[in-house]
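Dumped final.pdb below, it's PDB, C-alpha atoms:
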ATOM      1  CA  MET M  25       0.000   0.000   0.000  1.00  0.00           C
ATOM      2  CA  PRO M  26       1.431   3.416  -0.960  1.00  0.00           C
ATOM      3  CA  THR M  27       2.261   5.754   1.862  1.00  0.00           C
ATOM      4  CA  LYS M  28       0.952   9.255   2.144  1.00  0.00           C
ATOM      5  CA  THR M  29       2.981  12.285   3.185  1.00  0.00           C
ATOM      6  CA  ALA M  30       1.732  15.711   4.213  1.00  0.00           C
ATOM      7  CA  VAL M  31       3.114  18.771   2.419  1.00  0.00           C
ATOM      8  CA  LEU M  32       3.605  22.083   4.228  1.00  0.00           C
ATOM      9  CA  THR M  33       5.124  25.336   2.994  1.00  0.00           C
ATOM     10  CA  SER M  34       5.229  28.821   4.498  1.00  0.00           C
ATOM     11  CA  LYS M  35       4.845  30.219   0.958  1.00  0.00           C
ATOM     12  CA  ALA M  36       1.090  29.438   1.085  1.00  0.00           C
ATOM     13  CA  PRO M  37      -1.485  30.099   3.796  1.00  0.00           C
ATOM     14  CA  LYS M  38      -1.128  27.824   6.806  1.00  0.00           C
ATOM     15  CA  PRO M  39      -3.809  25.160   7.195  1.00  0.00           C
ATOM     16  CA  LEU M  40      -5.939  25.116  10.318  1.00  0.00           C
ATOM     17  CA  PRO M  41      -3.993  22.996  12.839  1.00  0.00           C
ATOM     18  CA  GLY M  42      -5.226  19.430  13.075  1.00  0.00           C
ATOM     19  CA  ILE M  43      -7.982  19.985  10.503  1.00  0.00           C
ATOM     20  CA  TYR M  44      -6.367  19.424   7.082  1.00  0.00           C
ATOM     21  CA  SER M  45      -3.071  19.412   5.191  1.00  0.00           C
ATOM     22  CA  GLN M  46      -2.073  21.861   2.459  1.00  0.00           C
ATOM     23  CA  ALA M  47      -1.481  18.790   0.306  1.00  0.00           C
ATOM     24  CA  ILE M  48      -0.884  15.066   0.466  1.00  0.00           C
ATOM     25  CA  LYS M  49       1.646  13.183  -1.649  1.00  0.00           C
ATOM     26  CA  ALA M  50       0.497   9.635  -2.390  1.00  0.00           C
ATOM     27  CA  GLY M  51       1.968   7.370  -5.025  1.00  0.00           C
ATOM     28  CA  ASP M  52       2.756   9.399  -8.149  1.00  0.00           C
ATOM     29  CA  PHE M  53       0.348  12.208  -7.279  1.00  0.00           C
ATOM     30  CA  VAL M  54      -0.040  15.225  -5.045  1.00  0.00           C
ATOM     31  CA  PHE M  55      -3.547  16.240  -3.949  1.00  0.00           C
ATOM     32  CA  VAL M  56      -3.744  19.931  -3.031  1.00  0.00           C
ATOM     33  CA  SER M  57      -6.428  21.288  -0.719  1.00  0.00           C
ATOM     34  CA  GLY M  58      -8.577  24.185  -1.812  1.00  0.00           C
ATOM     35  CA  ALA M  59      -6.666  27.465  -2.008  1.00  0.00           C
ATOM     36  CA  VAL M  60      -8.416  30.733  -1.233  1.00  0.00           C
ATOM     37  CA  PRO M  61      -7.128  34.219  -2.144  1.00  0.00           C
ATOM     38  CA  MET M  62      -5.214  34.630   1.109  1.00  0.00           C
ATOM     39  CA  ASP M  63      -1.797  36.220   1.519  1.00  0.00           C
ATOM     40  CA  PRO M  64       0.469  33.663   3.246  1.00  0.00           C
ATOM     41  CA  GLU M  65       2.305  36.292   5.305  1.00  0.00           C
ATOM     42  CA  SER M  66      -0.625  38.289   6.672  1.00  0.00           C
ATOM     43  CA  MET M  67      -3.077  35.349   6.578  1.00  0.00           C
ATOM     44  CA  LYS M  68      -5.687  37.818   5.288  1.00  0.00           C
ATOM     45  CA  ILE M  69      -7.759  37.737   2.128  1.00  0.00           C
ATOM     46  CA  ILE M  70      -6.125  40.002  -0.454  1.00  0.00           C
ATOM     47  CA  GLU M  71      -7.862  43.103  -1.762  1.00  0.00           C
ATOM     48  CA  GLY M  72      -9.175  43.063  -5.295  1.00  0.00           C
ATOM     49  CA  ASP M  73     -11.660  41.553  -7.685  1.00  0.00           C
ATOM     50  CA  ILE M  74     -12.237  37.993  -8.880  1.00  0.00           C
ATOM     51  CA  GLN M  75      -9.237  38.238 -11.211  1.00  0.00           C
ATOM     52  CA  ALA M  76      -6.836  39.258  -8.437  1.00  0.00           C
ATOM     53  CA  HIS M  77      -8.344  36.542  -6.252  1.00  0.00           C
ATOM     54  CA  THR M  78      -7.904  33.907  -8.965  1.00  0.00           C
ATOM     55  CA  HIS M  79      -4.237  34.867  -9.399  1.00  0.00           C
ATOM     56  CA  GLN M  80      -3.667  34.554  -5.632  1.00  0.00           C
ATOM     57  CA  CYS M  81      -5.383  31.155  -5.456  1.00  0.00           C
ATOM     58  CA  ILE M  82      -3.199  29.821  -8.274  1.00  0.00           C
ATOM     59  CA  LYS M  83      -0.075  31.404  -6.761  1.00  0.00           C
ATOM     60  CA  ASN M  84      -0.852  29.573  -3.496  1.00  0.00           C
ATOM     61  CA  LEU M  85      -1.397  26.292  -5.363  1.00  0.00           C
ATOM     62  CA  GLY M  86       1.908  26.776  -7.189  1.00  0.00           C
ATOM     63  CA  ALA M  87       3.811  27.287  -3.935  1.00  0.00           C
ATOM     64  CA  ILE M  88       2.352  24.116  -2.449  1.00  0.00           C
ATOM     65  CA  LEU M  89       3.033  22.121  -5.621  1.00  0.00           C
ATOM     66  CA  GLU M  90       6.640  23.348  -5.676  1.00  0.00           C
ATOM     67  CA  GLU M  91       7.138  22.263  -2.059  1.00  0.00           C
ATOM     68  CA  ALA M  92       5.747  18.846  -3.001  1.00  0.00           C
ATOM     69  CA  GLY M  93       8.177  18.496  -5.912  1.00  0.00           C
ATOM     70  CA  SER M  94       5.614  19.226  -8.620  1.00  0.00           C
ATOM     71  CA  SER M  95       4.435  22.277 -10.563  1.00  0.00           C
ATOM     72  CA  LEU M  96       1.420  23.891 -12.190  1.00  0.00           C
ATOM     73  CA  GLU M  97       2.460  22.309 -15.496  1.00  0.00           C
ATOM     74  CA  LYS M  98       2.019  18.847 -13.964  1.00  0.00           C
ATOM     75  CA  VAL M  99      -1.581  19.505 -12.841  1.00  0.00           C
ATOM     76  CA  VAL M 100      -4.014  16.931 -14.222  1.00  0.00           C
ATOM     77  CA  LYS M 101      -7.292  17.946 -12.512  1.00  0.00           C
ATOM     78  CA  VAL M 102      -8.625  21.235 -11.182  1.00  0.00           C
ATOM     79  CA  ASN M 103     -11.809  22.003  -9.252  1.00  0.00           C
ATOM     80  CA  VAL M 104     -12.893  25.649  -9.176  1.00  0.00           C
ATOM     81  CA  PHE M 105     -15.568  26.805  -6.758  1.00  0.00           C
ATOM     82  CA  LEU M 106     -17.194  30.194  -7.352  1.00  0.00           C
ATOM     83  CA  SER M 107     -19.606  32.047  -5.101  1.00  0.00           C
ATOM     84  CA  ASP M 108     -21.285  33.487  -8.206  1.00  0.00           C
ATOM     85  CA  MET M 109     -21.250  31.965 -11.700  1.00  0.00           C
ATOM     86  CA  GLY M 110     -21.427  35.551 -12.972  1.00  0.00           C
ATOM     87  CA  ASN M 111     -17.663  35.632 -12.200  1.00  0.00           C
ATOM     88  CA  PHE M 112     -16.959  32.703 -14.540  1.00  0.00           C
ATOM     89  CA  ALA M 113     -15.705  34.690 -17.549  1.00  0.00           C
ATOM     90  CA  LYS M 114     -13.386  36.961 -15.541  1.00  0.00           C
ATOM     91  CA  MET M 115     -12.020  34.008 -13.536  1.00  0.00           C
ATOM     92  CA  ASN M 116     -11.444  32.148 -16.817  1.00  0.00           C
ATOM     93  CA  GLU M 117      -9.424  35.044 -18.269  1.00  0.00           C
ATOM     94  CA  VAL M 118      -6.889  34.629 -15.458  1.00  0.00           C
ATOM     95  CA  TYR M 119      -7.159  30.834 -15.223  1.00  0.00           C
ATOM     96  CA  SER M 120      -6.298  30.443 -18.914  1.00  0.00           C
ATOM     97  CA  MET M 121      -2.882  32.109 -18.338  1.00  0.00           C
ATOM     98  CA  TYR M 122      -1.689  29.081 -16.386  1.00  0.00           C
ATOM     99  CA  TRP M 123      -1.213  25.321 -16.871  1.00  0.00           C
ATOM    100  CA  GLY M 124       0.987  25.090 -20.009  1.00  0.00           C
ATOM    101  CA  ASP M 125       0.079  23.565 -23.368  1.00  0.00           C
ATOM    102  CA  VAL M 126      -1.922  20.584 -22.119  1.00  0.00           C
ATOM    103  CA  LYS M 127      -4.700  22.014 -19.977  1.00  0.00           C
ATOM    104  CA  PRO M 128      -5.853  19.901 -17.026  1.00  0.00           C
ATOM    105  CA  CYS M 129      -9.322  18.457 -16.714  1.00  0.00           C
ATOM    106  CA  ARG M 130     -11.531  20.903 -14.846  1.00  0.00           C
ATOM    107  CA  THR M 131     -14.786  21.199 -13.004  1.00  0.00           C
ATOM    108  CA  CYS M 132     -16.207  24.608 -12.126  1.00  0.00           C
ATOM    109  CA  VAL M 133     -19.257  24.995  -9.943  1.00  0.00           C
ATOM    110  CA  ALA M 134     -21.032  27.773  -8.116  1.00  0.00           C
ATOM    111  CA  VAL M 135     -21.681  27.174  -4.443  1.00  0.00           C
ATOM    112  CA  LYS M 136     -23.764  29.013  -1.890  1.00  0.00           C
ATOM    113  CA  THR M 137     -20.887  30.068   0.365  1.00  0.00           C
ATOM    114  CA  LEU M 138     -17.119  29.558   0.470  1.00  0.00           C
ATOM    115  CA  PRO M 139     -14.809  29.701   3.508  1.00  0.00           C
ATOM    116  CA  LEU M 140     -14.254  33.250   4.784  1.00  0.00           C
ATOM    117  CA  ASN M 141     -16.933  34.376   2.284  1.00  0.00           C
ATOM    118  CA  VAL M 142     -14.399  34.479  -0.559  1.00  0.00           C
ATOM    119  CA  ASP M 143     -15.521  34.531  -4.183  1.00  0.00           C
ATOM    120  CA  VAL M 144     -13.254  31.708  -5.434  1.00  0.00           C
ATOM    121  CA  GLU M 145     -11.501  28.586  -4.134  1.00  0.00           C
ATOM    122  CA  ILE M 146      -9.379  26.288  -6.307  1.00  0.00           C
ATOM    123  CA  GLU M 147      -8.012  22.800  -5.605  1.00  0.00           C
ATOM    124  CA  CYS M 148      -5.957  20.502  -7.807  1.00  0.00           C
ATOM    125  CA  THR M 149      -4.301  17.137  -8.326  1.00  0.00           C
ATOM    126  CA  ALA M 150      -0.891  16.922 -10.006  1.00  0.00           C
ATOM    127  CA  LEU M 151       1.738  14.413 -11.013  1.00  0.00           C
ATOM    128  CA  LEU M 152       4.911  14.286  -8.953  1.00  0.00           C
TER     129      LEU M 152
END

Mind turning the file's structure into structure tokens?
Amino acid sequence: MPTKTAVLTSKAPKPLPGIYSQAIKAGDFVFVSGAVPMDPESMKIIEGDIQAHTHQCIKNLGAILEEAGSSLEKVVKVNVFLSDMGNFAKMNEVYSMYWGDVKPCRTCVAVKTLPLNVDVEIECTALL
């Protein structure tokens, strides 16, 4: 049975102690928890619109992936959660700047409420 290893970096927001890990490495994959638009130093949600928030979410994912020994280019699956599907087009403008030539599979859904009342949360799975 493959082992699993927690990933932790100070370059992304700290997870709530004892509740979840930033990511888990298992087998040939890394599974990254949902990233919100939080600054890792201040631990506060950044100012700005959905586009700034999307950049910050992906920046946080990238930092966690790097710590795990992976990268955004190795992402195979992304889940995007929006508080309002009216933000889809603007989120997509930023999202499309990332991921390299072979785009990962993706699901995008609108939900009633996200943690800390943010407008976007993004999680991913990547190859190691």

Distance criterion (all atoms listed in the file): nearest to Val60 (chain M) out of M:Val99, M:Ala92, M:Val104, M:Val31:
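Of the candidates, the smallest distance to Val60 (chain M) is held by M:Val104.
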
Nearest to Gly124 (chain M) among M:Val100, M:Thr33, M:Ala50, M:His77, with distances taken over only C-alpha atoms: which residue is it?
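When distances to Gly124 (chain M) are compared using only C-alpha atoms, the smallest one comes from M:Val100.
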
Residues matched by the PyMOL selection byres ((chain M and resi 151) around 12) as a ChimeraX atom specification
/M:48-56,89-90,92-101,128,148-150,152

Using all atoms listed in the file, determine which residues lie at most 12 Å from Ala76 (chain M), disregarding the query and same-chain residues fewer than 6 positions distant; provide the list as a compact mmCIF listing (two decimals) with C-alpha atoms, in the frame of the given file.
# COMPACT_ATOMS: atom_id res chain seq x y z
CA VAL M 60 -8.42 30.73 -1.23
CA PRO M 61 -7.13 34.22 -2.14
CA MET M 62 -5.21 34.63 1.11
CA ASP M 63 -1.80 36.22 1.52
CA ILE M 69 -7.76 37.74 2.13
CA ILE M 70 -6.12 40.00 -0.45
CA ILE M 82 -3.20 29.82 -8.27
CA LYS M 83 -0.08 31.40 -6.76
CA LYS M 114 -13.39 36.96 -15.54
CA MET M 115 -12.02 34.01 -13.54
CA ASN M 116 -11.44 32.15 -16.82
CA GLU M 117 -9.42 35.04 -18.27
CA VAL M 118 -6.89 34.63 -15.46
CA TYR M 119 -7.16 30.83 -15.22
CA VAL M 142 -14.40 34.48 -0.56
CA ASP M 143 -15.52 34.53 -4.18
CA VAL M 144 -13.25 31.71 -5.43

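The space between CA of Leu40 (chain M) and CA of Ser57 (chain M) spans 11.7 Å.
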
List the residues selected by the PyMOL selection byres ((chain M and resi 106) around 7) in the file shown, writing them as a list in words.
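Here the PyMOL selection byres ((chain M and resi 106) around 7) matches Val104, Phe105, Ser107, Asp108, Met109, Val133, Ala134, Val135, Asp143, Val144 and Glu145 of chain M.
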
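Considering all atoms listed in the file, the residue among M:Asn84, M:Glu147, M:Gln75, M:Leu140 positioned nearest to Ala113 (chain M) is M:Gln75.
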
Could you spell out the hits of the PyMOL selection byres ((chain M and resi 131) around 6) on the shown file, as a VMD selection string?
chain M and resid 103 130 132

Using only C-alpha atoms, which of M:Ala59, M:Met121, M:Val126, M:Ala30 sits nearest Glu91 (chain M)?
M:Ala30

For the atom pair CA of Cys129 (chain M) and CA of Gly110 (chain M), what is the interatomic distance in Å to one decimal place?
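Atom-to-atom, CA of Cys129 (chain M) and CA of Gly110 (chain M) are spaced 21.3 Å apart.
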
Please measure the separation of CA of Ile74 (chain M) and CA of Lys127 (chain M), giving the value in Å to one decimal.
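We find that CA of Ile74 (chain M) and CA of Lys127 (chain M) lie 20.9 Å from each other.
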
Assuming 8 Å of padding per side, give the centre and edge lengths of the axis-aligned box around every listed atom of region 117-127 of chain M, in Å to one decimal and as JSON.
{"center_x": -4.2, "center_y": 27.8, "center_z": -19.3, "size_x": 26.4, "size_y": 30.5, "size_z": 24.1}
